[in-house]
Amino acid sequence: MEIEFGLEDLAKYPFLKEAGDYIKCLSLSIDDLKQEDYQRVLERAKHRVIEAIQKNFISTEIEEPNLEILSFPLALIIVKAIGIDYFMHRYSLAESLRAEKLLEKEKKIIISNIFKSAFNVNTIIIEHDFFDFKMSLIDYLLRATHFHKPEWKLVNRVVEKGFVYVKTHELIRLMREEIRKIIYERMKSLSLPKIPENIKEIIDEISKALPSLPSKELQKTTPEMFPPCVMHVLDLLQKGQNVPHYGRFLLTSYLLGIGKSIDEVINIYPKAPDFSERLTRYQVEHIAGIRGGRKRYKTPSCRTLITHGLCFKDETLCDKIKNPIQFGRKPVIFKKKKIDEHNSDDYG
Amino acid sequence: MIMDDKTIEFLKQTFREFYYKNSSKITAPIRMNEREFGYMSFNKVMVRHLSFRTDGELRVFLIRESPHSVYYSCAYYYEPTLPMGEKGWKGADLIFDIDADSIPTRCKDEHDIWVCKDCKFMDKGKRPETCPKCASTRIEEESWFCPLCLNATKNEAIKLVDFLLEDFGIPKDKIKVYFSGSRGYHVTVEESSLEGLDQLARNEISDYISGTGFSIESLGISKGASYDDMYGFLPLANEPGWRGRIASFFTEFEFESYELIDKDVRDKILYIYGKIGYKSFEELIKKIVNDLGVKIDVMVTTDIHRIFRLPNTLHGNTGMLKKKCDDLTSFDPLIDAVVLSDEPVKLFVYRAPKFNLKGDFFGPYHSEEVTLPLMVAVYLLGKGLAKVINSY
């Protein structure tokens with residue numbers, strides 16, 4: 001069944017392919033935007049980008065549907081032309097937050113239709129005391145595994161006959177991440193047209209006023225202490241007790257991850273039962289990526305360690321980390337507070 | 001215990017003859033040419049990255065090599081024979097391994113032993129951290145299995161199948177349950193929509209089934225909330241998933257002073273919660289979840305490149321078959337998976353406790369010569385507890 005969206009819907013959700021089809025029907029080219037008639041489209045596009053970059057948000061008011069529908073692809077061109085990946089991410093996030101805010105006020109059927117049209121995900125509206133939709137286990141897992149709060153874990157969901165039950169705002173939260181991704185991907189794959197002068201001026205103006213980029217250089221880790229999971233493995237080793245295979249993997253990948261040399265790592269092991277220098281060296285080198293598959297293994301995430309029963313979380317010290325490698329590091333994310341306000345801390 | 005050449009040759013010959021006589025029963029897994037195969041020889045050499053195109057190729061291989069163990073990948077690849085990074089992963093069956101070792105049963109204290117590798121001191125039960133005689137940490141465990149612990153393992157498999165059917169909606173004919181040939185059960189789900197799940201998603205599946213990470217908030221319990229506020233969010237026994245499982249448990253649960261049988265389970269849950277308080281209630285739920293969850297091996301389910309024992313092949317440690325269980329309830333591994341003949345074989349047995357196989361008891365043996373039926377002989381030889389004196 002063909003899903004039909006009205007002009008208002010397309011103005012709210014201009015990332016829908018139906019919005020693109022609509023623009024195609026208008027047979028507009030970027031050169032047409034030179035005309036005086038389209039001045040307001042340019043203004044709205046500029047506003048979108050400035051709001052996104054400076055406030056990490058885009059206003060949801062809709063003066064006229066066409067303004068929204070037309071300004072969206074133009075804003076993508078502007079951000080792409082600025083040429084900095086960080087701002088492409090920031091812009092996509094802001095657009096997805098705008099969509100989220102609008103979706104919160106939508107009827108269930110529209111939400112369901114958007115999920116179907118944009119991401120080909122089927123959601124079934126249900127009559128239930130707590131939940132509004134059900135979606136297939138696979139559709140849920142493919143999206144929810146990126147969220148870290150306990151309520152997203154499958155074990156804490158209602159699961160029946162291959163379906164997971166979700167509330168409206170949860171479905172929208174899952175969708176927001178998808179929207180962010182498709183907008184980013186679209187920008188990434190966009191090949192820039194020849195840009196008319198009046199748009200170039202806007203790009204220059206925005207480029208001059210860009211906030212500074214976050215420092216990418218991570219602080220060097222010389223941990224004063226190791227995370228509790230690593231300490232646990234070290235304790236077992238020092239007591240000469242047998243350490244499960246995955247515990248050894250944790251320790252090795254962690255130590256390599258914080259910059260220890262292969263020899264330093266091997267030296268940790270001699271007290272273990274059945275120690276074999278040759279075998280240990282082989283395994284450490286394998287994890288370091290200089291043997292076997294040549295793949296350097298990353299330290300397993302906190303979630304994976306919970307699964308393997310190796311997490312010994314310290315409520316304060318482990319707060320907000322998702323991987324033992326982050327333990328003891330100060331957050332270095334630019335304007336973290338602002339991003340968190342919208343982004344919450346459940347997505348990593 | 002190192003196996004002598006004569007014993008190795010005898011075991012190979014036994015396996016070869018079995019595969020020769022039963023070659024028509026060796027069938028390939030579905031989508032065989034997309035899978036990697038591997039095997040371990042009786043000399044404990046592991047060979048991987050093999051591929052077979054037809055049942056016939058596989059049969060010839062088994063008769064020619066007669067390996068200790070044969071494996072196939074749960075994963076489907078574009079090029080199964082290339083090194084791991086170049087195979088091109090397409091998807092993988094969902095697999096589960098339930099091992100008697102990971103299920104605590106009392107009988108383990110009776111039949112499991114441990115041996116200190118340094119001073120050779122040995123004793124029954126769970127291995128200590130250090131040898132009480134020489135303080136060495138080099139300790140080898142030797143697990144044995146009896147109907148009691150194998151039954152407990154089977155119950156876990158039954159619980160697992162319930163999760164797959166009821167929670168994940170997997171059609172019954174896509175779920176295959178096998179006795180592993182040694183001490184547990186393997187469950188595979190083929191041709192399902194879950195084939196494409198990555199490791200992270202399989203972690204979630206495995207945590208769901210084992211109950212790992214269950215939070216009591218999902219039962220509607222929240223610290224500091226009033227009983228009236230919580231009441232409507234508490235689970236009922238007819239709900240699906242974990243909430244329903246836990247509510248059903250509470251329906252049957254006998255709690256010392258609770259007598260209001262006519263009230264619904266939500267009242268009972270709140271009553272117990274009120275009596276014991278948040279912390280103890282949280283502990284109680286943890287215990288319940290641990291009981292109701294399935295003790296699966298997480299490493300197996302989350303490994304998307306895993307190689308798994310091939311059905312209808314012999315396990316080199318026992319001589320028993322990895323066998324499909326069509327009716328799990330009536331399946332008795334110590335009878336149904338014992339497939340070798342009862343031809344007499346003369347052995348020297350280093351040691352063995354009293355054990356049960358194919359309905360008979362054998363042992364205990366202490367450094368002695370014994371003549372035993374082939375199936376029992378291979379069971380001891382495979383464990384490295386005996387050597388062959390006379391072979392046919």
# chains A, B, ... in the order shown; residues from 1 in each chain; ligands from 1
>>> select_by_dssp(residues="region 87-306 of chain B", states="strand (DSSP E or B)", output="PyMOL selection string")
chain B and resi 89-92+94-99+113-116+122-124+139-142+175-179+184-189
>>> interface_residues(of="chain B", to="chain A", cutoff="9 Å", atoms="only C-alpha atoms", output="PyMOL selection string")
chain B and resi 83-85+129-130+136-139+164-170+193-194+196-198+200-219+233+239-243+298-299
>>> select_by_dssp(residues="region 132-301 of chain A", states="helix (DSSP H, G or I)", output="ChimeraX atom specification")
/A:137-144,150-152,154-156,168-189,197-208,228-238,245-257,262-268,277-288
>>> residues_around(residues="Asn312 (chain B)", least_positions_apart="4", cutoff="6 Å", atoms="only C-alpha atoms", output="PyMOL selection string")
chain B and resi 321-323
>>> residues_around(residues="region 49-57 of chain B", least_positions_apart="3", cutoff="10 Å", atoms="only C-alpha atoms", output="JSON, numbers by chain")
{"B": [23, 24, 26, 27, 28, 29, 31, 32, 33, 34, 35, 36, 37, 38, 39, 60, 61, 62, 71, 72, 73, 79, 80, 81, 82, 83, 84, 87]}
>>> atom_distance(atom1="CA of Lys287 (chain B)", atom2="CA of Ile221 (chain B)")
16.3 Å
>>> closest_residue(among="A:Met135, A:Leu237, A:Leu42, A:Ile290", to="Ile69 (chain A)", atoms="only C-alpha atoms")
A:Leu42
>>> atom_distance(atom1="CA of Pro147 (chain B)", atom2="CA of Phe96 (chain B)")
21.4 Å
>>> residues_around(residues="region 72-74 of chain A", least_positions_apart="6", cutoff="10 Å", atoms="only C-alpha atoms", output="list of chain:residue names")
A:Ala11, A:Tyr13, A:Pro14, A:Phe15, A:Ala19, A:Gly20, A:Ile23, A:Ile30, A:Leu33, A:Val41, A:Leu42, A:Arg44, A:Ala45, A:Lys46, A:Arg48, A:Val49, A:Lys80, A:Glu95, A:Ile183, A:Arg186, A:Met187, A:Ile199
>>> write_last_selection(atoms="N, CA, C and O atoms", output="PDB file, in the first residue's frame")
ATOM      1  N   ALA A  11       6.895  19.064   5.143  1.00  0.00           N
ATOM      2  CA  ALA A  11       7.569  20.231   5.717  1.00  0.00           C
ATOM      3  C   ALA A  11       8.183  19.877   7.071  1.00  0.00           C
ATOM      4  O   ALA A  11       9.265  20.325   7.421  1.00  0.00           O
ATOM      5  N   TYR A  13       9.012  16.770   7.944  1.00  0.00           N
ATOM      6  CA  TYR A  13      10.004  15.686   7.798  1.00  0.00           C
ATOM      7  C   TYR A  13      10.618  15.731   6.395  1.00  0.00           C
ATOM      8  O   TYR A  13      10.403  14.815   5.589  1.00  0.00           O
ATOM      9  N   PRO A  14      11.395  16.762   6.108  1.00  0.00           N
ATOM     10  CA  PRO A  14      11.881  16.953   4.737  1.00  0.00           C
ATOM     11  C   PRO A  14      12.914  15.907   4.304  1.00  0.00           C
ATOM     12  O   PRO A  14      13.299  15.898   3.138  1.00  0.00           O
ATOM     13  N   PHE A  15      13.338  15.055   5.234  1.00  0.00           N
ATOM     14  CA  PHE A  15      14.297  13.991   4.864  1.00  0.00           C
ATOM     15  C   PHE A  15      13.589  12.832   4.171  1.00  0.00           C
ATOM     16  O   PHE A  15      14.227  11.944   3.611  1.00  0.00           O
ATOM     17  N   ALA A  19       9.545  13.931   0.078  1.00  0.00           N
ATOM     18  CA  ALA A  19       9.844  15.362  -0.011  1.00  0.00           C
ATOM     19  C   ALA A  19      10.751  15.618  -1.209  1.00  0.00           C
ATOM     20  O   ALA A  19      10.583  16.598  -1.943  1.00  0.00           O
ATOM     21  N   GLY A  20      11.692  14.705  -1.425  1.00  0.00           N
ATOM     22  CA  GLY A  20      12.580  14.814  -2.594  1.00  0.00           C
ATOM     23  C   GLY A  20      11.789  14.691  -3.892  1.00  0.00           C
ATOM     24  O   GLY A  20      12.019  15.454  -4.844  1.00  0.00           O
ATOM     25  N   ILE A  23      10.043  17.905  -4.652  1.00  0.00           N
ATOM     26  CA  ILE A  23      10.922  18.940  -5.223  1.00  0.00           C
ATOM     27  C   ILE A  23      11.189  18.644  -6.704  1.00  0.00           C
ATOM     28  O   ILE A  23      11.186  19.547  -7.541  1.00  0.00           O
ATOM     29  N   ILE A  30      19.394  24.566  -8.787  1.00  0.00           N
ATOM     30  CA  ILE A  30      20.021  25.432  -7.789  1.00  0.00           C
ATOM     31  C   ILE A  30      20.172  26.863  -8.314  1.00  0.00           C
ATOM     32  O   ILE A  30      20.141  27.824  -7.562  1.00  0.00           O
ATOM     33  N   LEU A  33      17.566  29.504  -7.559  1.00  0.00           N
ATOM     34  CA  LEU A  33      17.564  30.120  -6.226  1.00  0.00           C
ATOM     35  C   LEU A  33      18.173  31.520  -6.233  1.00  0.00           C
ATOM     36  O   LEU A  33      18.165  32.219  -5.229  1.00  0.00           O
ATOM     37  N   VAL A  41      13.724  31.192   0.968  1.00  0.00           N
ATOM     38  CA  VAL A  41      14.249  29.815   1.070  1.00  0.00           C
ATOM     39  C   VAL A  41      15.715  29.867   1.504  1.00  0.00           C
ATOM     40  O   VAL A  41      16.160  29.121   2.394  1.00  0.00           O
ATOM     41  N   LEU A  42      16.456  30.800   0.876  1.00  0.00           N
ATOM     42  CA  LEU A  42      17.870  30.950   1.252  1.00  0.00           C
ATOM     43  C   LEU A  42      17.997  31.335   2.727  1.00  0.00           C
ATOM     44  O   LEU A  42      18.826  30.776   3.447  1.00  0.00           O
ATOM     45  N   ARG A  44      15.906  30.771   5.148  1.00  0.00           N
ATOM     46  CA  ARG A  44      15.540  29.645   6.024  1.00  0.00           C
ATOM     47  C   ARG A  44      16.672  28.602   6.068  1.00  0.00           C
ATOM     48  O   ARG A  44      16.995  28.080   7.133  1.00  0.00           O
ATOM     49  N   ALA A  45      17.289  28.359   4.924  1.00  0.00           N
ATOM     50  CA  ALA A  45      18.396  27.382   4.884  1.00  0.00           C
ATOM     51  C   ALA A  45      19.547  27.880   5.754  1.00  0.00           C
ATOM     52  O   ALA A  45      20.132  27.120   6.538  1.00  0.00           O
ATOM     53  N   LYS A  46      19.858  29.146   5.601  1.00  0.00           N
ATOM     54  CA  LYS A  46      20.950  29.731   6.386  1.00  0.00           C
ATOM     55  C   LYS A  46      20.632  29.623   7.881  1.00  0.00           C
ATOM     56  O   LYS A  46      21.480  29.226   8.686  1.00  0.00           O
ATOM     57  N   ARG A  48      18.646  27.490   9.357  1.00  0.00           N
ATOM     58  CA  ARG A  48      18.765  26.065   9.756  1.00  0.00           C
ATOM     59  C   ARG A  48      20.195  25.753  10.161  1.00  0.00           C
ATOM     60  O   ARG A  48      20.458  25.190  11.213  1.00  0.00           O
ATOM     61  N   VAL A  49      21.130  26.130   9.272  1.00  0.00           N
ATOM     62  CA  VAL A  49      22.536  25.757   9.500  1.00  0.00           C
ATOM     63  C   VAL A  49      23.080  26.491  10.726  1.00  0.00           C
ATOM     64  O   VAL A  49      23.732  25.873  11.588  1.00  0.00           O
ATOM     65  N   LYS A  80      27.686  20.742   3.565  1.00  0.00           N
ATOM     66  CA  LYS A  80      28.669  19.933   2.823  1.00  0.00           C
ATOM     67  C   LYS A  80      29.778  20.851   2.277  1.00  0.00           C
ATOM     68  O   LYS A  80      30.959  20.512   2.328  1.00  0.00           O
ATOM     69  N   GLU A  95      19.029  18.238  13.006  1.00  0.00           N
ATOM     70  CA  GLU A  95      17.838  17.939  12.188  1.00  0.00           C
ATOM     71  C   GLU A  95      17.046  16.797  12.824  1.00  0.00           C
ATOM     72  O   GLU A  95      15.822  16.808  12.851  1.00  0.00           O
ATOM     73  N   ILE A 183      20.447  11.388   7.281  1.00  0.00           N
ATOM     74  CA  ILE A 183      20.786  12.757   6.869  1.00  0.00           C
ATOM     75  C   ILE A 183      22.302  12.893   6.702  1.00  0.00           C
ATOM     76  O   ILE A 183      22.791  13.439   5.720  1.00  0.00           O
ATOM     77  N   ARG A 186      23.337  11.077   3.574  1.00  0.00           N
ATOM     78  CA  ARG A 186      22.948  11.799   2.368  1.00  0.00           C
ATOM     79  C   ARG A 186      23.936  12.943   2.093  1.00  0.00           C
ATOM     80  O   ARG A 186      24.364  13.152   0.966  1.00  0.00           O
ATOM     81  N   MET A 187      24.309  13.641   3.164  1.00  0.00           N
ATOM     82  CA  MET A 187      25.265  14.739   3.005  1.00  0.00           C
ATOM     83  C   MET A 187      26.615  14.224   2.545  1.00  0.00           C
ATOM     84  O   MET A 187      27.256  14.784   1.673  1.00  0.00           O
ATOM     85  N   ILE A 199      24.719  32.023  -2.859  1.00  0.00           N
ATOM     86  CA  ILE A 199      24.820  30.936  -1.863  1.00  0.00           C
ATOM     87  C   ILE A 199      26.251  30.862  -1.325  1.00  0.00           C
ATOM     88  O   ILE A 199      26.474  30.616  -0.137  1.00  0.00           O
TER      89      ILE A 199
END
>>> residues_around(residues="Gly384 (chain B)", least_positions_apart="2", cutoff="12 Å", atoms="only C-alpha atoms", output="PyMOL selection string")
chain B and resi 1-4+7-8+11+42+142+316-318+347-352+377-382+386-388
>>> write_last_selection(atoms="C-alpha atoms", output="mmCIF file, in the first residue's frame")
data_model
loop_
_atom_site.group_PDB
_atom_site.id
_atom_site.type_symbol
_atom_site.label_atom_id
_atom_site.label_comp_id
_atom_site.auth_asym_id
_atom_site.auth_seq_id
_atom_site.Cartn_x
_atom_site.Cartn_y
_atom_site.Cartn_z
ATOM 1 C CA MET B 1 47.500 -38.210 30.050
ATOM 2 C CA ILE B 2 49.360 -38.748 26.775
ATOM 3 C CA MET B 3 47.871 -41.341 24.449
ATOM 4 C CA ASP B 4 50.211 -44.008 23.091
ATOM 5 C CA THR B 7 45.697 -46.483 21.410
ATOM 6 C CA ILE B 8 45.523 -43.678 18.845
ATOM 7 C CA LEU B 11 40.608 -45.278 18.161
ATOM 8 C CA PHE B 42 43.721 -37.904 17.476
ATOM 9 C CA GLU B 142 38.212 -34.533 35.505
ATOM 10 C CA GLY B 316 36.713 -38.267 20.346
ATOM 11 C CA ASN B 317 36.629 -37.912 24.127
ATOM 12 C CA THR B 318 33.744 -40.348 24.592
ATOM 13 C CA LEU B 347 42.467 -52.632 28.226
ATOM 14 C CA PHE B 348 44.731 -51.435 30.952
ATOM 15 C CA VAL B 349 42.733 -48.885 32.942
ATOM 16 C CA TYR B 350 44.796 -46.374 34.952
ATOM 17 C CA ARG B 351 41.825 -45.293 37.022
ATOM 18 C CA ALA B 352 38.086 -44.778 36.721
ATOM 19 C CA ALA B 377 36.551 -49.058 26.134
ATOM 20 C CA VAL B 378 36.443 -46.039 23.815
ATOM 21 C CA TYR B 379 34.758 -44.013 26.562
ATOM 22 C CA LEU B 380 37.772 -44.605 28.836
ATOM 23 C CA LEU B 381 40.424 -44.434 26.095
ATOM 24 C CA GLY B 382 39.026 -41.127 24.843
ATOM 25 C CA ALA B 386 43.225 -46.349 29.751
ATOM 26 C CA LYS B 387 45.398 -47.864 27.030
ATOM 27 C CA VAL B 388 44.777 -50.701 24.615
#
>>> closest_residue(among="A:Val284, A:Ile206, A:Ile124, A:Leu97", to="Val166 (chain A)", atoms="only C-alpha atoms")
A:Ile124
>>> atom_distance(atom1="CA of Ile82 (chain A)", atom2="CA of Ile203 (chain A)")
6.6 Å
>>> residues_around(residues="Asn151 (chain B)", least_positions_apart="5", cutoff="10 Å", atoms="only C-alpha atoms", output="number ranges by chain")
B: 100, 145-146, 156-157, 184, 329, 331-333
>>> closest_residue(among="A:Thr299, A:Ser27, A:Gln35, A:Gln54", to="Leu210 (chain A)", atoms="only C-alpha atoms")
A:Gln54
